[in-house]
$ cat run16.pdb   # PDB, C-alpha atoms
MODEL        1
ATOM      1  CA  MET Z  17     108.075 145.279 124.319
ATOM      2  CA  ASP Z  18     104.585 144.029 123.485
ATOM      3  CA  MET Z  19     104.929 141.251 120.925
ATOM      4  CA  THR Z  20     102.165 142.768 118.785
ATOM      5  CA  LYS Z  21     104.543 145.660 118.045
ATOM      6  CA  ARG Z  22     107.710 143.741 117.101
ATOM      7  CA  ARG Z  23     108.860 141.056 114.683
ATOM      8  CA  LEU Z  24     108.325 137.456 115.840
ATOM      9  CA  ARG Z  25     111.324 135.667 117.274
ATOM     10  CA  GLN Z  26     112.402 132.348 115.791
ATOM     11  CA  ASP Z  27     111.065 130.288 118.718
ATOM     12  CA  GLU Z  28     107.702 132.057 118.427
ATOM     13  CA  GLN Z  29     107.580 131.304 114.708
ATOM     14  CA  ARG Z  30     108.459 127.673 115.387
ATOM     15  CA  PHE Z  31     105.619 127.364 117.939
ATOM     16  CA  ILE Z  32     103.144 128.967 115.522
ATOM     17  CA  ASN Z  33     104.112 126.542 112.751
ATOM     18  CA  GLU Z  34     104.022 123.510 115.064
ATOM     19  CA  ILE Z  35     100.552 124.360 116.365
ATOM     20  CA  ALA Z  36      99.291 124.976 112.817
ATOM     21  CA  SER Z  37     100.529 121.606 111.625
ATOM     22  CA  LEU Z  38      99.207 119.756 114.713
ATOM     23  CA  LEU Z  39      95.770 121.337 114.290
ATOM     24  CA  MET Z  40      95.360 120.418 110.619
ATOM     25  CA  PRO Z  41      93.744 117.042 111.531
ATOM     26  CA  TRP Z  42      91.097 119.075 113.409
ATOM     27  CA  GLY Z  43      90.133 120.602 110.076
ATOM     28  CA  LEU Z  44      91.935 123.918 110.544
ATOM     29  CA  ALA Z  45      93.490 125.437 107.429
ATOM     30  CA  PRO Z  46      97.218 126.206 107.898
ATOM     31  CA  SER Z  47      96.564 129.978 107.869
ATOM     32  CA  SER Z  48      93.921 129.626 110.613
ATOM     33  CA  GLY Z  49      96.260 127.415 112.619
ATOM     34  CA  ARG Z  50      99.006 130.044 112.401
ATOM     35  CA  VAL Z  51      96.674 132.849 113.490
ATOM     36  CA  TYR Z  52      95.521 130.647 116.390
ATOM     37  CA  GLY Z  53      99.104 129.972 117.464
ATOM     38  CA  TYR Z  54      99.951 133.667 117.240
ATOM     39  CA  LEU Z  55      96.970 134.655 119.392
ATOM     40  CA  MET Z  56      97.950 132.048 121.998
ATOM     41  CA  LEU Z  57     101.244 133.933 122.374
ATOM     42  CA  CYS Z  58      99.686 137.396 122.627
ATOM     43  CA  GLN Z  59      99.239 138.928 126.102
ATOM     44  CA  THR Z  60      96.353 141.102 124.893
ATOM     45  CA  PRO Z  61      93.775 140.898 122.075
ATOM     46  CA  ALA Z  62      95.183 141.673 118.626
ATOM     47  CA  SER Z  63      93.725 143.477 115.624
ATOM     48  CA  VAL Z  64      93.617 142.004 112.133
ATOM     49  CA  ASP Z  65      96.308 144.468 111.092
ATOM     50  CA  GLN Z  66      98.583 143.283 113.909
ATOM     51  CA  ILE Z  67      97.967 139.650 112.967
ATOM     52  CA  ALA Z  68      98.586 140.281 109.269
ATOM     53  CA  THR Z  69     101.815 142.182 109.951
ATOM     54  CA  ALA Z  70     103.185 139.638 112.442
ATOM     55  CA  LEU Z  71     102.451 136.620 110.247
ATOM     56  CA  GLU Z  72     103.268 138.362 106.942
ATOM     57  CA  MET Z  73      99.793 137.555 105.601
ATOM     58  CA  SER Z  74      97.397 139.699 103.606
ATOM     59  CA  ARG Z  75      94.806 141.582 105.653
ATOM     60  CA  ALA Z  76      92.036 139.627 103.850
ATOM     61  CA  GLY Z  77      93.763 136.345 104.646
ATOM     62  CA  ALA Z  78      94.081 137.275 108.324
ATOM     63  CA  TRP Z  79      90.399 138.282 108.419
ATOM     64  CA  SER Z  80      89.149 135.053 106.926
ATOM     65  CA  ALA Z  81      91.428 132.960 109.162
ATOM     66  CA  ALA Z  82      90.188 134.847 112.243
ATOM     67  CA  ARG Z  83      86.548 134.480 111.177
ATOM     68  CA  ALA Z  84      86.995 130.722 110.721
ATOM     69  CA  LEU Z  85      88.608 130.422 114.170
ATOM     70  CA  GLU Z  86      85.795 132.465 115.697
ATOM     71  CA  ALA Z  87      83.167 130.240 114.053
ATOM     72  CA  PHE Z  88      84.820 127.132 115.551
ATOM     73  CA  GLY Z  89      84.935 128.724 119.030
ATOM     74  CA  HIS Z  90      88.760 128.791 119.078
ATOM     75  CA  ILE Z  91      89.035 132.560 119.466
ATOM     76  CA  ASN Z  92      86.787 135.390 120.655
ATOM     77  CA  ARG Z  93      86.211 138.820 119.225
ATOM     78  CA  HIS Z  94      86.596 141.757 121.608
ATOM     79  CA  GLY Z  95      85.554 145.288 120.697
ATOM     80  CA  ALA Z  96      88.180 147.902 121.464
ATOM     81  CA  PRO Z  97      86.517 150.336 123.881
ATOM     82  CA  GLY Z  98      85.135 153.368 122.044
ATOM     83  CA  SER Z  99      86.162 152.021 118.636
ATOM     84  CA  LYS Z 100      84.729 149.861 115.865
ATOM     85  CA  LEU Z 101      88.044 148.005 115.608
ATOM     86  CA  ALA Z 102      87.653 144.257 116.160
ATOM     87  CA  LEU Z 103      90.262 142.629 118.373
ATOM     88  CA  PHE Z 104      90.777 138.872 118.634
ATOM     89  CA  ALA Z 105      92.056 136.713 121.481
ATOM     90  CA  SER Z 106      92.363 132.953 121.911
ATOM     91  CA  SER Z 107      89.421 131.668 123.942
ATOM     92  CA  ASP Z 108      89.850 130.301 127.461
ATOM     93  CA  ASN Z 109      86.806 128.113 126.867
ATOM     94  CA  PHE Z 110      88.862 125.165 125.638
ATOM     95  CA  ALA Z 111      85.785 122.942 125.662
ATOM     96  CA  ALA Z 112      83.809 124.949 123.082
ATOM     97  CA  PRO Z 113      85.488 123.670 119.887
ATOM     98  CA  LEU Z 114      85.582 120.124 121.249
ATOM     99  CA  SER Z 115      81.887 120.212 122.131
ATOM    100  CA  LYS Z 116      81.230 120.128 118.395
ATOM    101  CA  GLN Z 117      83.295 116.942 118.171
ATOM    102  CA  THR Z 118      81.331 115.272 120.953
ATOM    103  CA  ALA Z 119      78.046 116.386 119.375
ATOM    104  CA  LEU Z 120      79.275 114.727 116.173
ATOM    105  CA  LEU Z 121      79.840 111.459 118.073
ATOM    106  CA  GLY Z 122      76.212 111.680 119.205
ATOM    107  CA  ASN Z 123      74.973 112.341 115.660
ATOM    108  CA  ILE Z 124      76.943 109.410 114.272
ATOM    109  CA  ALA Z 125      75.533 107.152 117.008
ATOM    110  CA  THR Z 126      71.968 108.180 116.109
ATOM    111  CA  VAL Z 127      72.509 107.371 112.425
ATOM    112  CA  LEU Z 128      74.042 104.003 113.373
ATOM    113  CA  GLN Z 129      71.144 103.123 115.697
ATOM    114  CA  THR Z 130      68.541 104.031 113.074
ATOM    115  CA  CYS Z 131      70.392 101.957 110.500
ATOM    116  CA  ALA Z 132      70.664  98.993 112.912
ATOM    117  CA  ALA Z 133      66.912  99.145 113.578
ATOM    118  CA  GLU Z 134      65.628  99.813 110.073
ATOM    119  CA  THR Z 135      68.226  99.039 107.417
ATOM    120  CA  ALA Z 136      70.893  96.549 108.456
ATOM    121  CA  SER Z 137      70.304  92.949 109.469
ATOM    122  CA  GLY Z 138      71.998  90.050 111.249
ATOM    123  CA  ALA Z 139      75.605  90.443 112.323
ATOM    124  CA  ALA Z 140      75.900  93.847 110.647
ATOM    125  CA  ALA Z 141      73.004  95.244 112.724
ATOM    126  CA  ALA Z 142      74.523  93.854 115.924
ATOM    127  CA  ARG Z 143      77.885  95.467 115.125
ATOM    128  CA  LEU Z 144      76.244  98.813 114.310
ATOM    129  CA  LYS Z 145      74.472  98.788 117.693
ATOM    130  CA  GLN Z 146      77.736  97.992 119.453
ATOM    131  CA  ARG Z 147      79.500 100.786 117.554
ATOM    132  CA  ALA Z 148      76.722 103.241 118.483
ATOM    133  CA  ARG Z 149      77.051 102.296 122.171
ATOM    134  CA  PHE Z 150      80.815 102.856 121.976
ATOM    135  CA  TYR Z 151      80.471 106.354 120.495
ATOM    136  CA  LEU Z 152      77.741 107.343 122.955
ATOM    137  CA  ALA Z 153      79.768 106.196 125.967
ATOM    138  CA  LEU Z 154      82.821 108.060 124.678
ATOM    139  CA  ARG Z 155      80.743 111.186 124.100
ATOM    140  CA  GLN Z 156      79.397 110.973 127.647
ATOM    141  CA  ALA Z 157      82.887 110.572 129.118
ATOM    142  CA  MET Z 158      84.278 113.505 127.111
ATOM    143  CA  ASP Z 159      81.377 115.803 127.951
ATOM    144  CA  SER Z 160      81.479 115.081 131.663
ATOM    145  CA  THR Z 161      85.280 115.459 131.795
ATOM    146  CA  MET Z 162      85.094 118.787 129.973
ATOM    147  CA  GLN Z 163      82.328 120.025 132.278
ATOM    148  CA  GLU Z 164      84.415 119.082 135.300
ATOM    149  CA  LEU Z 165      87.546 120.775 133.916
ATOM    150  CA  THR Z 166      85.620 123.918 133.009
ATOM    151  CA  ALA Z 167      84.136 124.059 136.520
ATOM    152  CA  GLN Z 168      87.627 123.620 138.039
ATOM    153  CA  GLN Z 169      88.943 126.474 135.885
ATOM    154  CA  ALA Z 170      86.064 128.718 136.976
ATOM    155  CA  ARG Z 171      86.716 127.927 140.655
ATOM    156  CA  LYS Z 172      90.417 128.775 140.262
ATOM    157  CA  ARG Z 173      89.548 132.095 138.611
ATOM    158  CA  ALA Z 174      86.979 132.992 141.312
TER
ATOM    159  CA  MET P  23      70.318  87.533  99.252
ATOM    160  CA  ASP P  24      73.784  88.695 100.296
ATOM    161  CA  MET P  25      73.955  92.468  99.842
ATOM    162  CA  THR P  26      77.323  92.189  98.102
ATOM    163  CA  LYS P  27      75.527  90.503  95.182
ATOM    164  CA  ARG P  28      72.611  92.913  94.656
ATOM    165  CA  ARG P  29      71.980  96.605  94.043
ATOM    166  CA  LEU P  30      71.817  98.798  97.147
ATOM    167  CA  ARG P  31      68.368  99.702  98.415
ATOM    168  CA  GLN P  32      67.472 103.359  98.885
ATOM    169  CA  ASP P  33      67.703 103.208 102.702
ATOM    170  CA  GLU P  34      71.167 101.622 102.426
ATOM    171  CA  GLN P  35      72.276 104.363 100.055
ATOM    172  CA  ARG P  36      70.899 106.989 102.426
ATOM    173  CA  PHE P  37      72.835 105.503 105.365
ATOM    174  CA  ILE P  38      76.042 105.364 103.313
ATOM    175  CA  ASN P  39      75.693 109.024 102.330
ATOM    176  CA  GLU P  40      74.821 110.133 105.875
ATOM    177  CA  ILE P  41      77.833 108.364 107.372
ATOM    178  CA  ALA P  42      80.125 109.785 104.676
ATOM    179  CA  SER P  43      78.973 113.327 105.366
ATOM    180  CA  LEU P  44      79.170 112.913 109.169
ATOM    181  CA  LEU P  45      82.715 111.548 108.927
ATOM    182  CA  MET P  46      84.074 114.380 106.785
ATOM    183  CA  PRO P  47      85.004 116.431 109.893
ATOM    184  CA  TRP P  48      87.180 113.449 110.915
ATOM    185  CA  GLY P  49      89.197 114.056 107.771
ATOM    186  CA  LEU P  50      87.693 111.258 105.692
ATOM    187  CA  ALA P  51      87.256 111.980 101.972
ATOM    188  CA  PRO P  52      83.637 111.439 100.817
ATOM    189  CA  SER P  53      84.630 108.348  98.806
ATOM    190  CA  SER P  54      86.314 106.790 101.861
ATOM    191  CA  GLY P  55      83.308 107.641 103.990
ATOM    192  CA  ARG P  56      80.988 105.902 101.512
ATOM    193  CA  VAL P  57      83.162 102.773 101.391
ATOM    194  CA  TYR P  58      83.213 102.763 105.211
ATOM    195  CA  GLY P  59      79.416 103.033 105.384
ATOM    196  CA  TYR P  60      79.032 100.250 102.836
ATOM    197  CA  LEU P  61      81.347  97.928 104.779
ATOM    198  CA  MET P  62      79.408  98.615 107.987
ATOM    199  CA  LEU P  63      76.338  97.185 106.231
ATOM    200  CA  CYS P  64      78.071  94.077 104.865
ATOM    201  CA  GLN P  65      77.643  90.796 106.759
ATOM    202  CA  THR P  66      80.937  89.454 105.421
ATOM    203  CA  PRO P  67      84.198  91.003 104.128
ATOM    204  CA  ALA P  68      83.918  92.517 100.628
ATOM    205  CA  SER P  69      86.356  92.642  97.721
ATOM    206  CA  VAL P  70      87.336  95.849  95.945
ATOM    207  CA  ASP P  71      85.301  94.712  92.940
ATOM    208  CA  GLN P  72      82.207  94.241  95.100
ATOM    209  CA  ILE P  73      82.721  97.667  96.687
ATOM    210  CA  ALA P  74      83.266  99.374  93.327
ATOM    211  CA  THR P  75      80.167  97.747  91.810
ATOM    212  CA  ALA P  76      77.891  98.485  94.770
ATOM    213  CA  LEU P  77      78.959 102.131  95.067
ATOM    214  CA  GLU P  78      79.303 102.723  91.311
ATOM    215  CA  MET P  79      82.921 103.809  91.747
ATOM    216  CA  SER P  80      85.981 103.009  89.682
ATOM    217  CA  ARG P  81      88.039 100.054  90.897
ATOM    218  CA  ALA P  82      91.012 102.400  91.446
ATOM    219  CA  GLY P  83      88.832 104.764  93.470
ATOM    220  CA  ALA P  84      87.540 101.911  95.629
ATOM    221  CA  TRP P  85      91.129 100.707  96.193
ATOM    222  CA  SER P  86      92.447 104.059  97.276
ATOM    223  CA  ALA P  87      89.430 104.673  99.540
ATOM    224  CA  ALA P  88      89.895 101.252 101.156
ATOM    225  CA  ARG P  89      93.629 101.819 101.615
ATOM    226  CA  ALA P  90      92.983 105.178 103.311
ATOM    227  CA  LEU P  91      90.421 103.572 105.656
ATOM    228  CA  GLU P  92      92.848 100.767 106.444
ATOM    229  CA  ALA P  93      95.625 103.267 107.241
ATOM    230  CA  PHE P  94      93.324 105.082 109.709
ATOM    231  CA  GLY P  95      92.351 101.790 111.399
ATOM    232  CA  HIS P  96      88.707 102.070 110.303
ATOM    233  CA  ILE P  97      88.683  98.818 108.332
ATOM    234  CA  ASN P  98      90.734  95.623 108.259
ATOM    235  CA  ARG P  99      92.036  93.591 105.358
ATOM    236  CA  HIS P 100      91.252  89.879 105.338
ATOM    237  CA  GLY P 101      92.819  87.446 102.913
ATOM    238  CA  ALA P 102      90.342  85.149 101.201
ATOM    239  CA  PRO P 103      91.404  81.593 102.106
ATOM    240  CA  GLY P 104      93.546  80.075  99.367
ATOM    241  CA  SER P 105      93.474  83.239  97.265
ATOM    242  CA  LYS P 106      95.440  86.444  96.834
ATOM    243  CA  LEU P 107      92.183  88.423  96.732
ATOM    244  CA  ALA P 108      92.050  91.115  99.439
ATOM    245  CA  LEU P 109      88.776  91.398 101.325
ATOM    246  CA  PHE P 110      87.863  94.345 103.546
ATOM    247  CA  ALA P 111      85.602  94.572 106.591
ATOM    248  CA  SER P 112      84.837  97.397 108.997
ATOM    249  CA  SER P 113      86.927  96.999 112.141
ATOM    250  CA  ASP P 114      85.367  96.122 115.503
ATOM    251  CA  ASN P 115      88.242  97.943 117.186
ATOM    252  CA  PHE P 116      86.354 101.238 117.372
ATOM    253  CA  ALA P 117      89.066 102.733 119.560
ATOM    254  CA  ALA P 118      91.881 102.412 116.999
ATOM    255  CA  PRO P 119      91.082 105.463 114.815
ATOM    256  CA  LEU P 120      90.263 107.560 117.888
ATOM    257  CA  SER P 121      93.542 106.635 119.583
ATOM    258  CA  LYS P 122      95.251 108.796 116.963
ATOM    259  CA  GLN P 123      93.033 111.692 118.047
ATOM    260  CA  THR P 124      93.947 111.238 121.702
ATOM    261  CA  ALA P 125      97.644 110.942 120.807
ATOM    262  CA  LEU P 126      97.231 114.249 118.975
ATOM    263  CA  LEU P 127      95.838 115.861 122.147
ATOM    264  CA  GLY P 128      98.974 114.683 123.937
ATOM    265  CA  ASN P 129     101.256 116.071 121.212
ATOM    266  CA  ILE P 130      99.495 119.431 121.277
ATOM    267  CA  ALA P 131      99.830 119.552 125.076
ATOM    268  CA  THR P 132     103.584 118.895 124.831
ATOM    269  CA  VAL P 133     104.063 121.737 122.338
ATOM    270  CA  LEU P 134     102.010 124.065 124.566
ATOM    271  CA  GLN P 135     104.015 123.151 127.684
ATOM    272  CA  THR P 136     107.338 123.686 125.920
ATOM    273  CA  CYS P 137     106.116 127.030 124.616
ATOM    274  CA  ALA P 138     104.872 128.065 128.084
ATOM    275  CA  ALA P 139     108.263 127.203 129.583
ATOM    276  CA  GLU P 140     110.579 128.555 126.894
ATOM    277  CA  THR P 141     108.798 130.984 124.578
ATOM    278  CA  ALA P 142     105.707 132.649 126.037
ATOM    279  CA  SER P 143     105.638 134.929 129.065
ATOM    280  CA  GLY P 144     103.238 136.403 131.602
ATOM    281  CA  ALA P 145      99.517 135.809 131.152
ATOM    282  CA  ALA P 146     100.056 134.043 127.820
ATOM    283  CA  ALA P 147     102.343 131.440 129.426
ATOM    284  CA  ALA P 148      99.832 130.857 132.238
ATOM    285  CA  ARG P 149      97.014 130.334 129.721
ATOM    286  CA  LEU P 150      99.136 127.940 127.645
ATOM    287  CA  LYS P 151      99.848 125.832 130.748
ATOM    288  CA  GLN P 152      96.152 125.772 131.607
ATOM    289  CA  ARG P 153      95.300 124.767 128.026
ATOM    290  CA  ALA P 154      97.895 121.971 128.118
ATOM    291  CA  ARG P 155      96.423 120.646 131.379
ATOM    292  CA  PHE P 156      92.949 120.670 129.817
ATOM    293  CA  TYR P 157      94.033 118.647 126.765
ATOM    294  CA  LEU P 158      96.023 116.169 128.864
ATOM    295  CA  ALA P 159      93.101 115.551 131.232
ATOM    296  CA  LEU P 160      90.754 115.075 128.282
ATOM    297  CA  ARG P 161      93.193 112.681 126.648
ATOM    298  CA  GLN P 162      93.433 110.677 129.850
ATOM    299  CA  ALA P 163      89.634 110.478 130.193
ATOM    300  CA  MET P 164      89.180 109.388 126.561
ATOM    301  CA  ASP P 165      91.914 106.765 126.710
ATOM    302  CA  SER P 166      90.673 105.222 129.935
ATOM    303  CA  THR P 167      87.049 105.186 128.717
ATOM    304  CA  MET P 168      88.077 103.528 125.461
ATOM    305  CA  GLN P 169      90.169 100.931 127.309
ATOM    306  CA  GLU P 170      87.205 100.149 129.546
ATOM    307  CA  LEU P 171      84.782  99.872 126.608
ATOM    308  CA  THR P 172      87.176  97.663 124.654
ATOM    309  CA  ALA P 173      87.584  95.374 127.673
ATOM    310  CA  GLN P 174      83.774  95.184 128.075
ATOM    311  CA  GLN P 175      83.418  94.227 124.396
ATOM    312  CA  ALA P 176      86.045  91.510 124.762
ATOM    313  CA  ARG P 177      84.283  90.097 127.842
ATOM    314  CA  LYS P 178      80.954  89.986 125.970
ATOM    315  CA  ARG P 179      82.555  88.169 123.055
ATOM    316  CA  ALA P 180      84.282  85.639 125.326
TER
ENDMDL
END
$ encode --input "run16.pdb" --output "structure tokens"
Amino acid sequence: MDMTKRRLRQDEQRFINEIASLLMPWGLAPSSGRVYGYLMLCQTPASVDQIATALEMSRAGAWSAARALEAFGHINRHGAPGSKLALFASSDNFAAPLSKQTALLGNIATVLQTCAAETASGAAAARLKQRARFYLALRQAMDSTMQELTAQQARKRA
Amino acid sequence: MDMTKRRLRQDEQRFINEIASLLMPWGLAPSSGRVYGYLMLCQTPASVDQIATALEMSRAGAWSAARALEAFGHINRHGAPGSKLALFASSDNFAAPLSKQTALLGNIATVLQTCAAETASGAAAARLKQRARFYLALRQAMDSTMQELTAQQARKRA
């Protein structure tokens, strides 16, 4: 039986709660984390009603959790053919949400470099430059690894 | 004049606010982010009183912000020689706070793999395995880059 039509088993509930608590440090609210975990388990895209029923949430709560996940690039919205009903599925583009993290590393590095050049002095300026170099190198490594992994995934699918 | 003994200039205040707002997605409270930015500008370790005065915070607020930063590995505590006074300085171990992020990637991957093996089925299980591989490869790339950068820093200092 399709899991969108039945009650969640205990092991499914445990996975959903584990994922939600692990993703809190990424800035995901617990309700968004639970919706994300649920969608990872679904074989096919799920409607807000299905999500709300499965997770025993309000429809409004499920909507706002799904919208937040969509904004972060964690899930995608699929239109049901011939219907206005929105369906959601976890995204296979695992790099998308993390790209925002690597962009952040770049933004921090820029602020540090500007501060080292214009605001800080002496040992503090030297340390800020070193810190900026560290974040930029890490950003570069993450971006190129994610590009490589995404390309590998695409080749496997082709 | 040592910046711990004078009022902050406008460009210093701007840097402190920019860093605080950029670090919020890393889970840092604005007050912790401001203390972190301030310590990045300081040439020498600063006391809680110095921090509180410079940032116009309460002493208790400065303490709790500094403790949170210390717990994350963003700053280090230095004892003033011959005194019980705690002094804080931004850490040069830039990798330490990020190591918790890479450990998190590993923990998420473990939960995904267990779920793929024991809970999920069909296409969902295959996608969970693929997601776990992605996070593990990214973790590996981040850890090895950070190790390399830390070793480079140590060589430069030596």
$ interface_residues --input "run16.pdb" --of "chain P" --to "chain Z" --cutoff "6 Å" --atoms "only C-alpha atoms" --output "short mmCIF file (atom, residue, chain, number, x, y, z; two decimals) with C-alpha atoms, in the frame of the given file"
data_model
loop_
_atom_site.label_atom_id
_atom_site.label_comp_id
_atom_site.auth_asym_id
_atom_site.auth_seq_id
_atom_site.Cartn_x
_atom_site.Cartn_y
_atom_site.Cartn_z
CA LEU P 63 76.34 97.18 106.23
CA GLN P 65 77.64 90.80 106.76
CA ALA P 142 105.71 132.65 126.04
CA ALA P 145 99.52 135.81 131.15
CA ALA P 146 100.06 134.04 127.82
#
$ atom_distance --input "run16.pdb" --atom1 "CA of Arg179 in chain P" --atom2 "CA of Lys122 in chain P"
25.0 Å
$ resolve_selection --input "run16.pdb" --expression "the PyMOL selection byres ((chain Z and resi 62) around 6)" --output "list of chain:residue names"
Z:Pro61, Z:Ser63, Z:Leu103, Z:Phe104
$ residues_around --input "run16.pdb" --residues "Val57 in chain P" --least-positions-apart "6" --cutoff "9 Å" --atoms "only C-alpha atoms" --output "ChimeraX atom specification"
/P:38,42,73-74,77,84,87-88,91
$ closest_residue --input "run16.pdb" --among "P:Ala76, P:Leu50, P:Ala118, P:Ala108" --to "Arg28 in chain P" --atoms "only C-alpha atoms"
P:Ala76
$ atom_distance --input "run16.pdb" --atom1 "CA of Met19 in chain Z" --atom2 "CA of Ala87 in chain Z"
25.3 Å
$ closest_residue --input "run16.pdb" --among "Z:Thr118, Z:Ser74, Z:Ser99, Z:Thr69" --to "Arg23 in chain Z" --atoms "all atoms listed in the file"
Z:Thr69
$ closest_residue --input "run16.pdb" --among "Z:Tyr52, Z:Gln129, Z:His94, Z:Ala105" --to "Ala142 in chain Z" --atoms "all atoms listed in the file"
Z:Gln129
$ atom_distance --input "run16.pdb" --atom1 "CA of Gly77 in chain Z" --atom2 "CA of Ser47 in chain Z"
7.7 Å
